[in-house]
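Listing of my_file29.pdb, PDB, C-alpha atoms
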```pdb
MODEL        1
ATOM      1  CA  MET W  70     -16.045  -1.711  13.587
ATOM      2  CA  ALA W  71     -13.356  -2.713  11.075
ATOM      3  CA  VAL W  72     -10.173  -0.671  10.778
ATOM      4  CA  THR W  73      -7.953  -0.621   7.708
ATOM      5  CA  VAL W  74      -4.441   0.759   7.895
ATOM      6  CA  ASN W  75      -2.476   1.668   4.790
ATOM      7  CA  ILE W  76       1.235   1.707   5.503
ATOM      8  CA  TYR W  77       3.607   3.076   2.881
ATOM      9  CA  TYR W  78       7.093   1.685   3.524
ATOM     10  CA  THR W  79       9.775   3.702   1.746
ATOM     11  CA  GLY W  80      13.498   3.030   1.518
ATOM     12  CA  LYS W  81      16.420   3.095  -0.885
ATOM     13  CA  ASN W  82      17.990   0.601  -3.291
ATOM     14  CA  GLY W  83      14.891  -1.608  -3.428
ATOM     15  CA  ASN W  84      14.858  -2.146   0.344
ATOM     16  CA  ALA W  85      11.085  -1.753   0.702
ATOM     17  CA  ARG W  86      10.516  -4.632  -1.701
ATOM     18  CA  LYS W  87      13.228  -6.690  -0.020
ATOM     19  CA  PHE W  88      11.445  -6.097   3.294
ATOM     20  CA  ALA W  89       8.108  -7.315   1.888
ATOM     21  CA  GLU W  90       9.789 -10.365   0.353
ATOM     22  CA  GLU W  91      11.484 -11.277   3.631
ATOM     23  CA  MET W  92       8.224 -10.774   5.533
ATOM     24  CA  GLU W  93       6.575 -13.273   3.180
ATOM     25  CA  GLN W  94       9.461 -15.775   3.056
ATOM     26  CA  SER W  95       9.970 -15.779   6.830
ATOM     27  CA  GLY W  96       6.357 -16.845   7.421
ATOM     28  CA  THR W  97       5.571 -13.651   9.305
ATOM     29  CA  VAL W  98       2.880 -12.606   6.824
ATOM     30  CA  ALA W  99       1.187 -16.020   7.015
ATOM     31  CA  ALA W 100       1.222 -15.849  10.813
ATOM     32  CA  ILE W 101      -0.328 -12.383  10.810
ATOM     33  CA  ARG W 102      -3.041 -13.458   8.366
ATOM     34  CA  ALA W 103      -3.850 -16.349  10.717
ATOM     35  CA  GLU W 104      -4.321 -14.050  13.718
ATOM     36  CA  GLN W 105      -7.802 -13.718  15.147
ATOM     37  CA  GLY W 106      -9.411 -10.574  13.756
ATOM     38  CA  ASN W 107      -7.169 -10.123  10.704
ATOM     39  CA  LYS W 108      -9.193  -9.482   7.565
ATOM     40  CA  LYS W 109      -6.435  -8.602   5.095
ATOM     41  CA  TYR W 110      -2.662  -8.265   5.001
ATOM     42  CA  GLU W 111      -1.435  -7.592   1.470
ATOM     43  CA  TYR W 112       1.546  -5.819  -0.070
ATOM     44  CA  PHE W 113       1.238  -3.771  -3.265
ATOM     45  CA  TYR W 114       3.860  -2.066  -5.399
ATOM     46  CA  PRO W 115       3.133   1.430  -6.769
ATOM     47  CA  LYS W 116       3.655   1.524 -10.523
ATOM     48  CA  ASN W 117       5.648   4.757 -10.510
ATOM     49  CA  ASP W 118       7.632   4.379  -7.277
ATOM     50  CA  GLU W 119      10.032   1.456  -7.029
ATOM     51  CA  GLU W 120      11.211   2.548  -3.577
ATOM     52  CA  THR W 121       7.801   2.233  -1.879
ATOM     53  CA  VAL W 122       5.640  -0.702  -0.873
ATOM     54  CA  LEU W 123       2.043  -0.275   0.233
ATOM     55  CA  LEU W 124       0.714  -2.598   2.936
ATOM     56  CA  ILE W 125      -3.054  -2.796   3.280
ATOM     57  CA  ASP W 126      -3.658  -4.179   6.759
ATOM     58  CA  SER W 127      -7.292  -4.656   7.799
ATOM     59  CA  TRP W 128      -8.668  -5.813  11.156
ATOM     60  CA  GLU W 129     -12.125  -6.521  12.559
ATOM     61  CA  SER W 130     -11.645  -3.965  15.350
ATOM     62  CA  GLN W 131      -9.174  -1.742  17.154
ATOM     63  CA  GLU W 132      -9.014  -4.426  19.849
ATOM     64  CA  ALA W 133      -7.765  -6.924  17.247
ATOM     65  CA  ILE W 134      -5.038  -4.460  16.206
ATOM     66  CA  ASP W 135      -4.086  -3.949  19.853
ATOM     67  CA  ARG W 136      -3.749  -7.743  20.323
ATOM     68  CA  HIS W 137      -1.614  -7.924  17.175
ATOM     69  CA  HIS W 138       0.668  -5.177  18.484
ATOM     70  CA  LYS W 139       1.400  -7.332  21.562
ATOM     71  CA  THR W 140       2.524 -10.383  19.552
ATOM     72  CA  PRO W 141       6.117 -11.474  18.888
ATOM     73  CA  MET W 142       5.501 -10.736  15.194
ATOM     74  CA  MET W 143       5.662  -7.002  15.927
ATOM     75  CA  GLY W 144       9.250  -7.498  17.075
ATOM     76  CA  LYS W 145      10.046  -9.245  13.784
ATOM     77  CA  ILE W 146       8.407  -6.448  11.784
ATOM     78  CA  ILE W 147      10.376  -3.782  13.663
ATOM     79  CA  GLU W 148      13.596  -5.781  13.269
ATOM     80  CA  LEU W 149      13.120  -6.044   9.493
ATOM     81  CA  ARG W 150      12.000  -2.436   9.169
ATOM     82  CA  ASN W 151      15.225  -1.363  10.890
ATOM     83  CA  LYS W 152      17.333  -3.824   8.871
ATOM     84  CA  TYR W 153      16.104  -2.245   5.630
ATOM     85  CA  ASP W 154      16.073   1.328   7.055
ATOM     86  CA  LEU W 155      12.466   1.953   6.075
ATOM     87  CA  HIS W 156      10.341   4.986   6.840
ATOM     88  CA  MET W 157       6.577   4.918   7.042
ATOM     89  CA  LYS W 158       3.549   6.995   6.152
ATOM     90  CA  VAL W 159       0.331   5.700   7.729
ATOM     91  CA  GLU W 160      -3.337   6.236   6.837
ATOM     92  CA  ARG W 161      -6.205   4.801   8.916
ATOM     93  CA  PHE W 162      -9.744   4.156   7.710
ATOM     94  CA  ILE W 163     -12.809   3.113   9.704
ATOM     95  CA  GLU W 164     -15.330   0.921   7.914
ATOM     96  CA  ASP W 165     -18.473   2.654   6.730
ATOM     97  CA  THR W 166     -21.151   0.508   8.335
ATOM     98  CA  ASP W 167     -23.739   1.856   5.882
ATOM     99  CA  GLY W 168     -21.909   0.215   2.970
ATOM    100  CA  VAL W 169     -21.641   1.635  -0.530
ATOM    101  CA  PRO W 170     -24.169   4.435  -1.126
ATOM    102  CA  GLU W 171     -26.748   3.824  -3.852
ATOM    103  CA  THR W 172     -25.404   6.869  -5.718
ATOM    104  CA  ASP W 173     -22.000   5.158  -6.021
ATOM    105  CA  LYS W 174     -23.224   1.675  -6.958
ATOM    106  CA  LYS W 175     -23.929   2.647 -10.556
ATOM    107  CA  PHE W 176     -20.173   3.139 -11.042
ATOM    108  CA  ILE W 177     -19.230  -0.295  -9.710
ATOM    109  CA  LYS W 178     -19.157  -3.335 -11.955
ATOM    110  CA  GLU W 179     -19.311  -6.555  -9.962
TER     111      GLU W 179
ENDMDL
END
```

Kindly transcribe the structure held in the file into structure tokens.
Amino acid sequence: MAVTVNIYYTGKNGNARKFAEEMEQSGTVAAIRAEQGNKKYEYFYPKNDEETVLLIDSWESQEAIDRHHKTPMMGKIIELRNKYDLHMKVERFIEDTDGVPETDKKFIKE
């Protein structure tokens, strides 16, 4: 069952965005996306909050997340998070295996 984790990284003086940029430029993001079981690893910037970056991190299973947490990339993430003095708010979502309900589909334009 797929698990999606939303991580809100918050800092000061643009540090959250600097963190995301360094994650991308260092190749860490590309390496994570290449990991077995990774479905999505994308950063987003909230329109009204320049000090926060949202990471949407999605995995095929909890086991895939557990494998990811044992990789050297976690050390790099922690190092950069500390470098930029970021704090985190985390939300976890489990995939709805039933898909989008018929009652909701009429509101979705594909």

- [ ] For the structure shown, which residues end up in the PyMOL selection byres ((chain W and resi 105-121) around 6)? Put them as a PyMOL selection string, please?
- [x] chain W and resi 78-81+83+85+102+104+122-129+133

TODO: Provide the atom CA of Phe88 of chain W to atom CA of Val72 of chain W distance in Å, to one decimal place.
DONE: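 Atom-to-atom, atom CA of Phe88 of chain W and atom CA of Val72 of chain W are spaced 23.5 Å apart.
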
Task: W:Val74, W:Met92, W:Ser130, W:Asn82 ranked by distance to Glu148 of chain W, top pick (using all atoms listed in the file) - done: W:Met92

Task: Residue nearest Thr97 of chain W - candidates W:Thr73, W:Gln131, W:Thr140, W:Thr172, atoms counted: only C-alpha atoms - done: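 Nearest candidate to Thr97 of chain W out of W:Thr73, W:Gln131, W:Thr140, W:Thr172: W:Thr140.
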
Give me the box for segment 131-137 of chain W as JSON, namely the centre and edge lengths in Å to one decimal of a box along x, y and z that holds every listed atom plus 3 Å on each side.
```
{"center_x": -5.4, "center_y": -4.8, "center_z": 18.3, "size_x": 13.6, "size_y": 12.2, "size_z": 10.1}
```

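Taking atom CA of Arg136 of chain W as the reference point, atom CA of Glu91 of chain W is found at 22.9 Å.
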
TODO: Grab the atom CA of Glu93 of chain W to atom CA of Met143 of chain W distance for me, in Å with one decimal place.
DONE: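 Interatomic distance here is 14.2 Å.
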
Task: Output check: residues returned by the PyMOL selection byres ((chain W and resi 164) around 7), as an MDAnalysis selection string - done: chainID W and resid 70:72 162:163 165:166

Open item on the list: Which residues would end up in the selection if the PyMOL selection byres ((chain W and resi 153) around 8) were applied here, given that I need the answer as a PyMOL selection string?
Closed with: chain W and resi 80+84-85+87-88+149-152+154-155

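Across W:Ile134, W:Met142, W:Ile147, W:Val159, the tightest approach to Ala100 of chain W is made by W:Met142 when counting all atoms listed in the file.
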
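Each of W:Met157, W:Val169, W:Ile146, W:Ile177 was compared to Ile101 of chain W using only C-alpha atoms, and W:Ile146 turns out to be the nearest.
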
Return segment 91-123 of chain W, completed with N, CA and C atoms, as a PDB file, in the coordinates of the input.
```pdb
ATOM      1  N   GLU W  91      11.035 -10.562   2.438  1.00  0.00           N
ATOM      2  CA  GLU W  91      11.484 -11.277   3.631  1.00  0.00           C
ATOM      3  C   GLU W  91      10.331 -11.518   4.604  1.00  0.00           C
ATOM      4  N   MET W  92       9.417 -10.572   4.691  1.00  0.00           N
ATOM      5  CA  MET W  92       8.224 -10.774   5.533  1.00  0.00           C
ATOM      6  C   MET W  92       7.452 -12.004   5.059  1.00  0.00           C
ATOM      7  N   GLU W  93       7.296 -12.123   3.746  1.00  0.00           N
ATOM      8  CA  GLU W  93       6.575 -13.273   3.180  1.00  0.00           C
ATOM      9  C   GLU W  93       7.364 -14.560   3.390  1.00  0.00           C
ATOM     10  N   GLN W  94       8.638 -14.563   3.015  1.00  0.00           N
ATOM     11  CA  GLN W  94       9.461 -15.775   3.056  1.00  0.00           C
ATOM     12  C   GLN W  94       9.699 -16.271   4.477  1.00  0.00           C
ATOM     13  N   SER W  95       9.718 -15.381   5.438  1.00  0.00           N
ATOM     14  CA  SER W  95       9.970 -15.779   6.830  1.00  0.00           C
ATOM     15  C   SER W  95       8.743 -16.401   7.499  1.00  0.00           C
ATOM     16  N   GLY W  96       7.589 -16.315   6.837  1.00  0.00           N
ATOM     17  CA  GLY W  96       6.357 -16.845   7.421  1.00  0.00           C
ATOM     18  C   GLY W  96       5.629 -15.844   8.303  1.00  0.00           C
ATOM     19  N   THR W  97       6.195 -14.662   8.455  1.00  0.00           N
ATOM     20  CA  THR W  97       5.571 -13.651   9.305  1.00  0.00           C
ATOM     21  C   THR W  97       4.226 -13.216   8.742  1.00  0.00           C
ATOM     22  N   VAL W  98       4.140 -13.019   7.445  1.00  0.00           N
ATOM     23  CA  VAL W  98       2.880 -12.606   6.824  1.00  0.00           C
ATOM     24  C   VAL W  98       1.811 -13.680   7.037  1.00  0.00           C
ATOM     25  N   ALA W  99       2.161 -14.931   6.821  1.00  0.00           N
ATOM     26  CA  ALA W  99       1.187 -16.020   7.015  1.00  0.00           C
ATOM     27  C   ALA W  99       0.701 -16.064   8.463  1.00  0.00           C
ATOM     28  N   ALA W 100       1.602 -15.845   9.394  1.00  0.00           N
ATOM     29  CA  ALA W 100       1.222 -15.849  10.813  1.00  0.00           C
ATOM     30  C   ALA W 100       0.283 -14.692  11.139  1.00  0.00           C
ATOM     31  N   ILE W 101       0.547 -13.539  10.571  1.00  0.00           N
ATOM     32  CA  ILE W 101      -0.328 -12.383  10.810  1.00  0.00           C
ATOM     33  C   ILE W 101      -1.700 -12.640  10.213  1.00  0.00           C
ATOM     34  N   ARG W 102      -1.746 -13.167   9.001  1.00  0.00           N
ATOM     35  CA  ARG W 102      -3.041 -13.458   8.366  1.00  0.00           C
ATOM     36  C   ARG W 102      -3.851 -14.471   9.173  1.00  0.00           C
ATOM     37  N   ALA W 103      -3.168 -15.326   9.917  1.00  0.00           N
ATOM     38  CA  ALA W 103      -3.850 -16.349  10.717  1.00  0.00           C
ATOM     39  C   ALA W 103      -4.330 -15.824  12.074  1.00  0.00           C
ATOM     40  N   GLU W 104      -3.920 -14.613  12.431  1.00  0.00           N
ATOM     41  CA  GLU W 104      -4.321 -14.050  13.718  1.00  0.00           C
ATOM     42  C   GLU W 104      -5.830 -13.801  13.760  1.00  0.00           C
ATOM     43  N   GLN W 105      -6.385 -14.001  14.941  1.00  0.00           N
ATOM     44  CA  GLN W 105      -7.802 -13.718  15.147  1.00  0.00           C
ATOM     45  C   GLN W 105      -8.059 -12.239  14.885  1.00  0.00           C
ATOM     46  N   GLY W 106      -9.026 -11.951  14.046  1.00  0.00           N
ATOM     47  CA  GLY W 106      -9.411 -10.574  13.756  1.00  0.00           C
ATOM     48  C   GLY W 106      -8.771  -9.977  12.520  1.00  0.00           C
ATOM     49  N   ASN W 107      -7.780 -10.660  11.915  1.00  0.00           N
ATOM     50  CA  ASN W 107      -7.169 -10.123  10.704  1.00  0.00           C
ATOM     51  C   ASN W 107      -8.070 -10.394   9.516  1.00  0.00           C
ATOM     52  N   LYS W 108      -8.352  -9.362   8.752  1.00  0.00           N
ATOM     53  CA  LYS W 108      -9.193  -9.482   7.565  1.00  0.00           C
ATOM     54  C   LYS W 108      -8.370  -9.462   6.276  1.00  0.00           C
ATOM     55  N   LYS W 109      -7.238  -8.728   6.302  1.00  0.00           N
ATOM     56  CA  LYS W 109      -6.435  -8.602   5.095  1.00  0.00           C
ATOM     57  C   LYS W 109      -5.044  -8.133   5.478  1.00  0.00           C
ATOM     58  N   TYR W 110      -4.049  -8.674   4.820  1.00  0.00           N
ATOM     59  CA  TYR W 110      -2.662  -8.265   5.001  1.00  0.00           C
ATOM     60  C   TYR W 110      -1.980  -8.493   3.668  1.00  0.00           C
ATOM     61  N   GLU W 111      -1.928  -7.453   2.844  1.00  0.00           N
ATOM     62  CA  GLU W 111      -1.435  -7.592   1.470  1.00  0.00           C
ATOM     63  C   GLU W 111      -0.492  -6.455   1.117  1.00  0.00           C
ATOM     64  N   TYR W 112       0.594  -6.804   0.428  1.00  0.00           N
ATOM     65  CA  TYR W 112       1.546  -5.819  -0.070  1.00  0.00           C
ATOM     66  C   TYR W 112       1.244  -5.506  -1.536  1.00  0.00           C
ATOM     67  N   PHE W 113       1.423  -4.233  -1.891  1.00  0.00           N
ATOM     68  CA  PHE W 113       1.238  -3.771  -3.265  1.00  0.00           C
ATOM     69  C   PHE W 113       2.414  -2.875  -3.627  1.00  0.00           C
ATOM     70  N   TYR W 114       2.750  -2.864  -4.915  1.00  0.00           N
ATOM     71  CA  TYR W 114       3.860  -2.066  -5.399  1.00  0.00           C
ATOM     72  C   TYR W 114       3.336  -0.951  -6.295  1.00  0.00           C
ATOM     73  N   PRO W 115       3.552   0.326  -5.916  1.00  0.00           N
ATOM     74  CA  PRO W 115       3.133   1.430  -6.769  1.00  0.00           C
ATOM     75  C   PRO W 115       3.849   1.388  -8.122  1.00  0.00           C
ATOM     76  N   LYS W 116       3.121   1.598  -9.160  1.00  0.00           N
ATOM     77  CA  LYS W 116       3.655   1.524 -10.523  1.00  0.00           C
ATOM     78  C   LYS W 116       4.795   2.511 -10.755  1.00  0.00           C
ATOM     79  N   ASN W 117       4.683   3.703 -10.201  1.00  0.00           N
ATOM     80  CA  ASN W 117       5.648   4.757 -10.510  1.00  0.00           C
ATOM     81  C   ASN W 117       6.623   5.048  -9.376  1.00  0.00           C
ATOM     82  N   ASP W 118       6.727   4.142  -8.409  1.00  0.00           N
ATOM     83  CA  ASP W 118       7.632   4.379  -7.277  1.00  0.00           C
ATOM     84  C   ASP W 118       8.225   3.052  -6.825  1.00  0.00           C
ATOM     85  N   GLU W 119       9.399   2.736  -7.341  1.00  0.00           N
ATOM     86  CA  GLU W 119      10.032   1.456  -7.029  1.00  0.00           C
ATOM     87  C   GLU W 119      10.614   1.400  -5.627  1.00  0.00           C
ATOM     88  N   GLU W 120      10.637   2.508  -4.918  1.00  0.00           N
ATOM     89  CA  GLU W 120      11.211   2.548  -3.577  1.00  0.00           C
ATOM     90  C   GLU W 120      10.158   2.499  -2.472  1.00  0.00           C
ATOM     91  N   THR W 121       8.888   2.285  -2.853  1.00  0.00           N
ATOM     92  CA  THR W 121       7.801   2.233  -1.879  1.00  0.00           C
ATOM     93  C   THR W 121       6.998   0.958  -2.046  1.00  0.00           C
ATOM     94  N   VAL W 122       6.567   0.432  -0.911  1.00  0.00           N
ATOM     95  CA  VAL W 122       5.640  -0.702  -0.873  1.00  0.00           C
ATOM     96  C   VAL W 122       4.459  -0.266  -0.032  1.00  0.00           C
ATOM     97  N   LEU W 123       3.258  -0.570  -0.512  1.00  0.00           N
ATOM     98  CA  LEU W 123       2.043  -0.275   0.233  1.00  0.00           C
ATOM     99  C   LEU W 123       1.548  -1.558   0.895  1.00  0.00           C
TER     100      LEU W 123
END
```
